[in-house]
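Enquirer: Data: final.cif, mmCIF, C-alpha atoms and all ligand atoms.
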data_final
#
loop_
_atom_site.label_atom_id
_atom_site.label_comp_id
_atom_site.auth_asym_id
_atom_site.auth_seq_id
_atom_site.Cartn_x
_atom_site.Cartn_y
_atom_site.Cartn_z
CA MET A 17 23.68 -51.16 -12.15
CA LYS A 18 20.30 -49.94 -13.25
CA LYS A 19 18.63 -53.23 -12.45
CA ALA A 20 20.20 -53.25 -8.99
CA PHE A 21 19.08 -49.68 -8.42
CA CYS A 22 15.55 -50.64 -9.40
CA VAL A 23 15.47 -53.64 -7.07
CA VAL A 24 16.87 -51.66 -4.15
CA LEU A 25 14.34 -48.88 -4.61
CA THR A 26 11.34 -51.18 -4.83
CA GLY A 27 12.61 -53.45 -2.06
CA LEU A 28 13.42 -50.78 0.50
CA PHE A 29 10.57 -48.40 0.00
CA LEU A 30 7.91 -50.74 -1.42
CA LEU A 31 7.37 -48.34 -4.28
CA PRO A 32 5.59 -49.46 -7.44
CA ALA A 33 7.72 -50.44 -10.43
CA ALA A 34 6.94 -47.07 -12.02
CA ALA A 35 9.11 -45.40 -9.36
CA CYS A 36 12.25 -47.00 -10.77
CA ALA A 37 14.79 -44.95 -12.62
CA ARG A 38 14.05 -44.89 -16.33
CA PRO A 39 16.73 -46.78 -18.28
CA VAL A 40 16.71 -44.10 -20.94
CA GLU A 41 15.90 -40.69 -19.53
CA PRO A 42 13.67 -38.74 -21.91
CA ASP A 43 14.96 -35.28 -22.79
CA PRO A 44 12.12 -32.89 -21.84
CA SER A 45 13.20 -30.38 -24.49
CA ALA A 46 12.55 -33.02 -27.16
CA TYR A 47 8.81 -33.13 -26.48
CA SER A 48 5.78 -30.91 -26.35
CA ALA A 49 2.35 -31.65 -24.95
CA ALA A 50 -0.46 -32.92 -27.13
CA GLY A 51 -4.14 -32.63 -26.15
CA THR A 52 -5.25 -34.77 -23.24
CA ALA A 53 -8.63 -35.72 -21.83
CA GLU A 54 -7.96 -35.10 -18.16
CA ILE A 55 -10.75 -34.88 -15.62
CA PRO A 56 -11.06 -31.24 -14.49
CA VAL A 57 -10.24 -30.76 -10.81
CA GLU A 58 -13.52 -28.94 -10.13
CA ILE A 59 -15.50 -31.99 -11.36
CA LEU A 60 -13.34 -34.39 -9.35
CA GLY A 61 -14.32 -32.48 -6.20
CA GLU A 62 -18.03 -33.11 -6.86
CA LEU A 63 -17.74 -36.88 -7.32
CA ASP A 64 -18.96 -39.20 -4.58
CA GLU A 65 -16.63 -41.76 -3.06
CA ALA A 66 -17.96 -44.73 -5.04
CA THR A 67 -17.49 -42.95 -8.37
CA LEU A 68 -14.02 -41.87 -7.37
CA ALA A 69 -13.18 -45.46 -6.44
CA ASP A 70 -14.43 -46.60 -9.86
CA LEU A 71 -12.16 -44.06 -11.52
CA VAL A 72 -9.19 -45.20 -9.48
CA ASP A 73 -9.95 -48.82 -10.35
CA GLU A 74 -10.12 -48.07 -14.05
CA PRO A 75 -7.65 -50.12 -16.06
CA LYS A 76 -4.31 -48.62 -16.88
CA TYR A 77 -3.67 -48.69 -20.61
CA VAL A 78 -0.39 -49.27 -22.37
CA ALA A 79 0.61 -50.02 -25.97
CA LEU A 80 3.17 -52.62 -26.97
CA THR A 81 4.70 -51.93 -30.38
CA PHE A 82 6.88 -54.23 -32.44
CA ASP A 83 9.23 -53.15 -35.22
CA ASP A 84 11.16 -54.87 -37.98
CA GLY A 85 8.91 -57.91 -38.55
CA PRO A 86 7.24 -59.90 -39.72
CA ARG A 87 9.51 -62.86 -39.23
CA GLU A 88 7.87 -66.24 -39.64
CA ASP A 89 8.86 -68.04 -36.43
CA THR A 90 9.17 -65.18 -33.93
CA THR A 91 6.12 -63.20 -35.05
CA ALA A 92 3.92 -66.31 -35.11
CA ALA A 93 5.00 -67.23 -31.57
CA LEU A 94 4.26 -63.70 -30.42
CA LEU A 95 0.79 -63.73 -32.00
CA ASP A 96 0.04 -67.06 -30.28
CA GLY A 97 1.09 -65.64 -26.91
CA LEU A 98 -0.84 -62.38 -27.32
CA LEU A 99 -3.96 -64.29 -28.35
CA GLU A 100 -3.71 -66.54 -25.31
CA ARG A 101 -3.48 -63.46 -23.08
CA GLY A 102 -6.12 -61.31 -24.78
CA ALA A 103 -3.55 -58.56 -25.41
CA ALA A 104 -3.55 -56.27 -28.45
CA ALA A 105 -0.39 -54.79 -29.97
CA THR A 106 0.82 -52.70 -32.90
CA PHE A 107 3.20 -54.02 -35.55
CA PHE A 108 5.35 -51.66 -37.63
CA VAL A 109 6.14 -53.89 -40.54
CA ILE A 110 9.02 -53.69 -43.03
CA GLY A 111 7.48 -53.86 -46.52
CA SER A 112 10.19 -56.03 -48.06
CA GLN A 113 9.45 -58.72 -45.45
CA VAL A 114 5.75 -58.97 -46.30
CA PRO A 115 5.98 -61.27 -49.38
CA GLY A 116 5.66 -64.84 -48.11
CA ASN A 117 4.45 -63.63 -44.71
CA GLU A 118 1.05 -62.27 -45.77
CA TRP A 119 -0.64 -64.82 -43.50
CA LEU A 120 0.97 -63.19 -40.47
CA LEU A 121 -0.52 -59.81 -41.40
CA GLN A 122 -3.89 -61.46 -41.92
CA ARG A 123 -3.60 -62.98 -38.44
CA MET A 124 -2.66 -59.58 -36.97
CA LYS A 125 -5.74 -58.00 -38.47
CA ALA A 126 -8.09 -60.86 -37.56
CA GLU A 127 -6.79 -60.93 -33.98
CA GLY A 128 -7.34 -57.21 -33.31
CA HIS A 129 -3.84 -55.83 -33.70
CA GLN A 130 -2.90 -52.62 -35.50
CA ILE A 131 -0.58 -52.77 -38.49
CA GLY A 132 1.76 -49.88 -39.25
CA ASN A 133 4.32 -48.98 -41.89
CA HIS A 134 8.06 -49.16 -41.16
CA THR A 135 9.06 -48.32 -44.79
CA TYR A 136 9.87 -50.81 -47.54
CA SER A 137 13.57 -51.31 -46.83
CA HIS A 138 14.08 -49.81 -43.36
CA VAL A 139 15.61 -46.67 -44.78
CA ARG A 140 16.77 -43.70 -42.67
CA LEU A 141 14.17 -41.23 -43.90
CA LYS A 142 15.92 -38.22 -42.41
CA THR A 143 18.78 -38.47 -44.90
CA ALA A 144 16.86 -39.90 -47.86
CA ASP A 145 15.88 -37.63 -50.74
CA LYS A 146 12.24 -36.62 -50.75
CA ASP A 147 11.26 -38.86 -53.68
CA SER A 148 12.72 -41.86 -51.85
CA VAL A 149 10.78 -40.97 -48.70
CA VAL A 150 7.49 -41.02 -50.60
CA GLU A 151 8.43 -44.15 -52.54
CA GLU A 152 9.62 -46.11 -49.48
CA ILE A 153 6.37 -45.44 -47.66
CA HIS A 154 4.13 -45.99 -50.68
CA LYS A 155 5.79 -49.25 -51.71
CA ALA A 156 5.34 -50.68 -48.22
CA GLU A 157 1.75 -49.44 -48.04
CA VAL A 158 0.81 -51.22 -51.27
CA LEU A 159 2.10 -54.51 -49.84
CA LEU A 160 0.33 -53.94 -46.51
CA LYS A 161 -2.96 -53.27 -48.32
CA GLU A 162 -2.57 -56.34 -50.52
CA ALA A 163 -1.95 -58.53 -47.47
CA ALA A 164 -4.28 -57.01 -44.88
CA GLY A 165 -6.85 -54.99 -46.86
CA GLU A 166 -7.65 -51.28 -46.82
CA GLY A 167 -6.71 -49.23 -43.80
CA SER A 168 -4.66 -46.35 -42.48
CA PHE A 169 -1.15 -47.59 -41.85
CA TRP A 170 0.51 -45.20 -39.42
CA LEU A 171 4.22 -44.73 -39.86
CA ARG A 172 7.07 -45.42 -37.50
CA PRO A 173 10.18 -43.93 -39.11
CA PRO A 174 13.10 -46.40 -38.83
CA TYR A 175 15.41 -45.29 -35.98
CA GLY A 176 12.72 -42.73 -35.11
CA ALA A 177 14.67 -40.39 -37.38
CA LEU A 178 12.84 -37.71 -39.33
CA ASP A 179 13.02 -33.97 -39.93
CA GLY A 180 10.23 -31.43 -40.26
CA GLN A 181 10.48 -31.02 -44.04
CA ARG A 182 10.13 -34.72 -44.70
CA ALA A 183 7.44 -35.09 -42.03
CA ALA A 184 5.29 -32.72 -44.09
CA LEU A 185 5.21 -35.41 -46.80
CA ILE A 186 3.65 -37.98 -44.47
CA LYS A 187 -0.12 -38.40 -44.78
CA THR A 188 -0.68 -40.42 -41.59
CA PRO A 189 0.10 -39.93 -37.89
CA MET A 190 3.56 -41.15 -36.88
CA VAL A 191 4.49 -43.13 -33.79
CA TYR A 192 7.70 -42.78 -31.79
CA TRP A 193 7.87 -44.40 -28.31
CA SER A 194 8.12 -43.46 -24.63
CA VAL A 195 9.76 -46.65 -23.29
CA ASP A 196 12.76 -48.14 -25.08
CA PRO A 197 14.47 -51.07 -23.33
CA GLN A 198 16.92 -51.41 -26.24
CA ASP A 199 15.93 -55.05 -26.65
CA TRP A 200 17.88 -55.35 -29.92
CA LYS A 201 21.07 -54.60 -28.01
CA LEU A 202 20.37 -56.50 -24.78
CA LEU A 203 19.11 -59.71 -26.46
CA ASP A 204 18.31 -60.94 -22.95
CA THR A 205 14.73 -61.67 -21.93
CA GLU A 206 15.01 -60.84 -18.22
CA LYS A 207 16.97 -57.63 -18.77
CA VAL A 208 14.38 -56.43 -21.27
CA VAL A 209 11.54 -57.28 -18.88
CA ASP A 210 13.28 -55.42 -16.04
CA ALA A 211 13.99 -52.36 -18.18
CA VAL A 212 10.35 -52.09 -19.25
CA LEU A 213 8.85 -52.75 -15.81
CA CYS A 214 11.16 -50.15 -14.27
CA ALA A 215 10.08 -47.48 -16.73
CA VAL A 216 6.46 -48.12 -17.65
CA GLN A 217 3.60 -45.81 -16.74
CA PRO A 218 0.00 -45.73 -17.93
CA GLY A 219 -0.28 -44.27 -21.43
CA ASP A 220 3.19 -45.38 -22.50
CA ILE A 221 4.14 -46.72 -25.91
CA ILE A 222 6.73 -49.48 -25.51
CA LEU A 223 9.23 -50.23 -28.27
CA LEU A 224 10.22 -53.85 -28.92
CA HIS A 225 11.22 -55.89 -31.96
CA ASP A 226 9.40 -59.11 -32.91
CA PHE A 227 12.48 -60.04 -34.92
CA TYR A 228 14.17 -61.48 -31.80
CA SER A 229 12.97 -64.49 -29.81
CA THR A 230 14.36 -62.93 -26.60
CA SER A 231 12.10 -59.91 -27.21
CA VAL A 232 9.06 -62.09 -27.91
CA LYS A 233 9.56 -63.96 -24.64
CA ALA A 234 10.10 -60.66 -22.84
CA ALA A 235 6.94 -59.18 -24.34
CA LEU A 236 4.80 -62.06 -23.11
CA GLU A 237 6.30 -61.87 -19.64
CA ILE A 238 5.69 -58.10 -19.62
CA VAL A 239 2.04 -58.76 -20.52
CA ASP A 240 1.68 -61.29 -17.70
CA ARG A 241 3.31 -59.03 -15.11
CA LEU A 242 1.48 -55.84 -16.08
CA GLN A 243 -1.92 -57.51 -16.53
CA ALA A 244 -1.51 -58.68 -12.92
CA GLU A 245 -1.05 -54.99 -12.00
CA GLY A 246 -4.28 -54.03 -13.78
CA TYR A 247 -2.85 -52.91 -17.11
CA ASP A 248 -4.78 -53.44 -20.37
CA PHE A 249 -2.81 -53.82 -23.59
CA VAL A 250 -4.32 -51.86 -26.46
CA THR A 251 -3.26 -50.77 -29.93
CA VAL A 252 -1.71 -47.32 -30.38
CA GLU A 253 -4.87 -46.21 -32.18
CA GLU A 254 -7.00 -47.30 -29.22
CA LEU A 255 -4.66 -45.55 -26.80
CA PHE A 256 -5.30 -42.27 -28.63
CA ARG A 257 -9.05 -42.91 -28.63
CA ILE A 258 -9.09 -43.74 -24.90
CA GLN A 259 -7.14 -40.59 -24.07
CA GLY A 260 -9.35 -38.44 -26.29
CA VAL A 261 -6.49 -37.27 -28.51
CA GLU A 262 -7.14 -36.82 -32.23
CA PRO A 263 -3.93 -37.89 -33.97
CA GLN A 264 -2.66 -35.54 -36.67
CA ALA A 265 -1.01 -36.55 -39.94
CA GLY A 266 2.68 -35.72 -40.12
CA THR A 267 3.03 -35.47 -36.31
CA LEU A 268 5.40 -37.81 -34.45
CA TYR A 269 3.96 -38.94 -31.11
CA ALA A 270 5.97 -40.44 -28.25
CA ARG A 271 2.65 -41.01 -26.43
CA PRO A 272 -0.80 -39.62 -27.20
CA ASP A 273 -0.05 -36.71 -24.83
CA ARG A 274 3.55 -36.12 -25.92
CA ILE A 275 4.83 -35.02 -29.31
CA LYS A 276 8.42 -35.80 -30.28
CA THR A 277 10.19 -32.75 -31.59
CA LEU A 278 11.51 -33.25 -35.12
CA SER A 279 15.09 -32.27 -35.64
NI NI A 301 13.30 -50.61 -37.21
#
Output the file's structure in the form of structure tokens.

Expert:
Amino acid sequence: MKKAFCVVLTGLFLLPAAACARPVEPDPSAYSAAGTAEIPVEILGELDEATLADLVDEPKYVALTFDDGPREDTTAALLDGLLERGAAATFFVIGSQVPGNEWLLQRMKAEGHQIGNHTYSHVRLKTADKDSVVEEIHKAEVLLKEAAGEGSFWLRPPYGALDGQRAALIKTPMVYWSVDPQDWKLLDTEKVVDAVLCAVQPGDIILLHDFYSTSVKAALEIVDRLQAEGYDFVTVEELFRIQGVEPQAGTLYARPDRIKTLS
């Protein structure tokens, strides 16, 4: 139904893909605004036409994020495809899956991707006791550092689930998402591509899982389609830098300009 709706809308009215209905409607009460680097209206009015055209032609930025890897075959295929396309991404890695796959993390780092922490055993942090929260994150971080070297490994809480008390224990920024095609449930390349293309807007953080070959194929098709529309694929860290937002430790971001409310 949703796909049909999307096709009808774009076909009849020639609207861009961003005009499609979002497959998962965000709940406005679940977010608050973070700082943004918008161009003040009064300055816009003073710009000449050529400068304005340059601004309009500026690339649109978006961040692809991948959870639940690394997995030898699927993650390697994804890295090959991203390299071919000059697209950067962010990988939220499960610590227990690092041993034996260190080479994949080394590739991620060497090829300009961001590596993040998805806990050691994919635990639901919201219901874990506080010692386990710290241990799960620390244990994964040690493995990430051993494999990829020093760095700040931002956290994506498994299931996006976290409460305020436990968030206070987190020493890095945390990343939620703003587009979720539910690839793990669909397990269908074209449906995942459609769901993302219907929802995506500049500045979005897209959630996918490099654990599934259908998602890897979808991701590469999404890159091809959106690059053709002028999108640049950057890491989450770069997306914050581009938008002039200073990420705060212990804060869960759906996008650089949108904070996910912790419940
Ligand atoms: Ni996960």

Enquirer: Rounded to one decimal place, report the CA of Trp119 (chain A)-CA of Thr230 (chain A) distance in Å.

Expert: 22.7 Å

Enquirer: Around ligand NI 301 (chain A), out to 10 Å and counting only C-alpha atoms and all ligand atoms, which residues are there? I want them as a ChimeraX atom specification.

Expert: /A:82-85,108-110,134-135,137-140,172-176,200,223-225,227

Enquirer: Residues at most 12 Å from Leu185 (chain A), counting only C-alpha atoms, excluding those fewer than 4 positions away in the same chain, as an MDAnalysis selection string?

Expert: chainID A and resid 141:142 145:154 171 178:181 189:190 265:267

Enquirer: Box along x, y and z, 8 Å on every side, all listed atoms of region 251-264 of chain A inside: centre and edge lengths in Å to one decimal, as AutoDock Vina command-line options.

Expert:
--center_x -5.5 --center_y -43.2 --center_z -30.4 --size_x 23.6 --size_y 31.2 --size_z 28.6

Enquirer: Can you tell me which residues surround Val78 (chain A) at a distance of at most 7 Å, considering only C-alpha atoms, apart from same-chain residues fewer than 5 positions away, and format the answer as a ChimeraX atom specification?

Expert: /A:218-221,247-250

Enquirer: Which residues, written as a list in words, have at least one atom at most 10 Å from Ala235 (chain A), with only C-alpha atoms counted and residues fewer than 4 positions away on the same chain left out?

Expert: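 So, after excluding close chain neighbours, the residues are Leu80, Thr81, Phe82, Leu94, Gly97, Leu98, Thr205, Val208, Val209, Val212, Ile222, Leu224, His225, Asp226, Ser229, Thr230, Ser231, Val239, Asp240 and Arg241 of chain A.
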
Enquirer: In Å to one decimal, how far is CA of Glu118 (chain A) from CA of Ala156 (chain A)?

Expert: 12.6 Å

Enquirer: Hey, can you check how far CA of Ala50 (chain A) sits from CA of Thr251 (chain A)?

Expert: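 Value for the CA of Ala50 (chain A)-CA of Thr251 (chain A) distance: 18.3 Å.
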
Enquirer: From the options A:Asp210, A:Asp199, A:Glu88, A:Glu253, which residue's atoms come nearest to Ser168 (chain A), counting all atoms listed in the file?

Expert: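 Once distances to Ser168 (chain A) are computed over all atoms listed in the file, the minimum belongs to A:Glu253.
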
Enquirer: Do you know which residues lie at most 7 Å from (-2.0, -48.3, -31.1), with coordinates as in the file and only C-alpha atoms counted, and could you write them as a ChimeraX atom specification?

Expert: /A:79,105-106,130,250-255

Enquirer: Tell me which residues come within 10 Å of (18.6, -33.2, -30.5), as a PyMOL selection string, counting all atoms listed in the file in the file's coordinates.

Expert: chain A and resi 43+45-46+277-279

Enquirer: With a distance cut-off of 10 Å and only C-alpha atoms, select the neighbouring residues of Gly167 (chain A), excluding the residue or stretch itself and same-chain residues fewer than 6 positions from it, and output the selection as a list in words.

Expert: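 My list of contacting residues is Gln130, Ile131, Gly132, Glu157, Leu160 and Lys161 of chain A.
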
Enquirer: When distances are computed from all atoms listed in the file, which of A:Ala211, A:Val191, A:Ala93, A:Leu242 shows the smallest separation from Arg271 (chain A)?

Expert: A:Val191

Enquirer: Using all atoms listed in the file, find the one residue out of A:Pro86, A:Pro75, A:Pro263, A:Gly165 that sits nearest to Gly116 (chain A).

Expert: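 Among the listed residues, A:Pro86 lies closest to Gly116 (chain A).
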
Enquirer: May I ask which of the residues A:Lys76, A:Tyr136, A:Ala49, A:Ile186 is the closest one to Gln217 (chain A), counting only C-alpha atoms?

Expert: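 Closest to Gln217 (chain A), using only C-alpha atoms: A:Lys76.
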
Enquirer: Need to verify the contact set: Leu99 (chain A), 12 Å, only C-alpha atoms, exclusion of same-chain residues closer than 2 positions in sequence. Can you return it as a compact mmCIF listing (two decimals) with C-alpha atoms, keeping the file's coordinate frame?

Expert:
# COMPACT_ATOMS: atom_id res chain seq x y z
CA ALA A 92 3.92 -66.31 -35.11
CA ALA A 93 5.00 -67.23 -31.57
CA LEU A 94 4.26 -63.70 -30.42
CA LEU A 95 0.79 -63.73 -32.00
CA ASP A 96 0.04 -67.06 -30.28
CA GLY A 97 1.09 -65.64 -26.91
CA ARG A 101 -3.48 -63.46 -23.08
CA GLY A 102 -6.12 -61.31 -24.78
CA ALA A 103 -3.55 -58.56 -25.41
CA ALA A 104 -3.55 -56.27 -28.45
CA ALA A 105 -0.39 -54.79 -29.97
CA ARG A 123 -3.60 -62.98 -38.44
CA MET A 124 -2.66 -59.58 -36.97
CA ALA A 126 -8.09 -60.86 -37.56
CA GLU A 127 -6.79 -60.93 -33.98
CA GLY A 128 -7.34 -57.21 -33.31
CA HIS A 129 -3.84 -55.83 -33.70
CA LEU A 236 4.80 -62.06 -23.11
CA VAL A 239 2.04 -58.76 -20.52
CA PHE A 249 -2.81 -53.82 -23.59

Enquirer: Quick one: of A:Val232, A:Ala183, A:Ala215, A:Ile258, who's nearest to Val195 (chain A), counting all atoms listed in the file?

Expert: A:Ala215
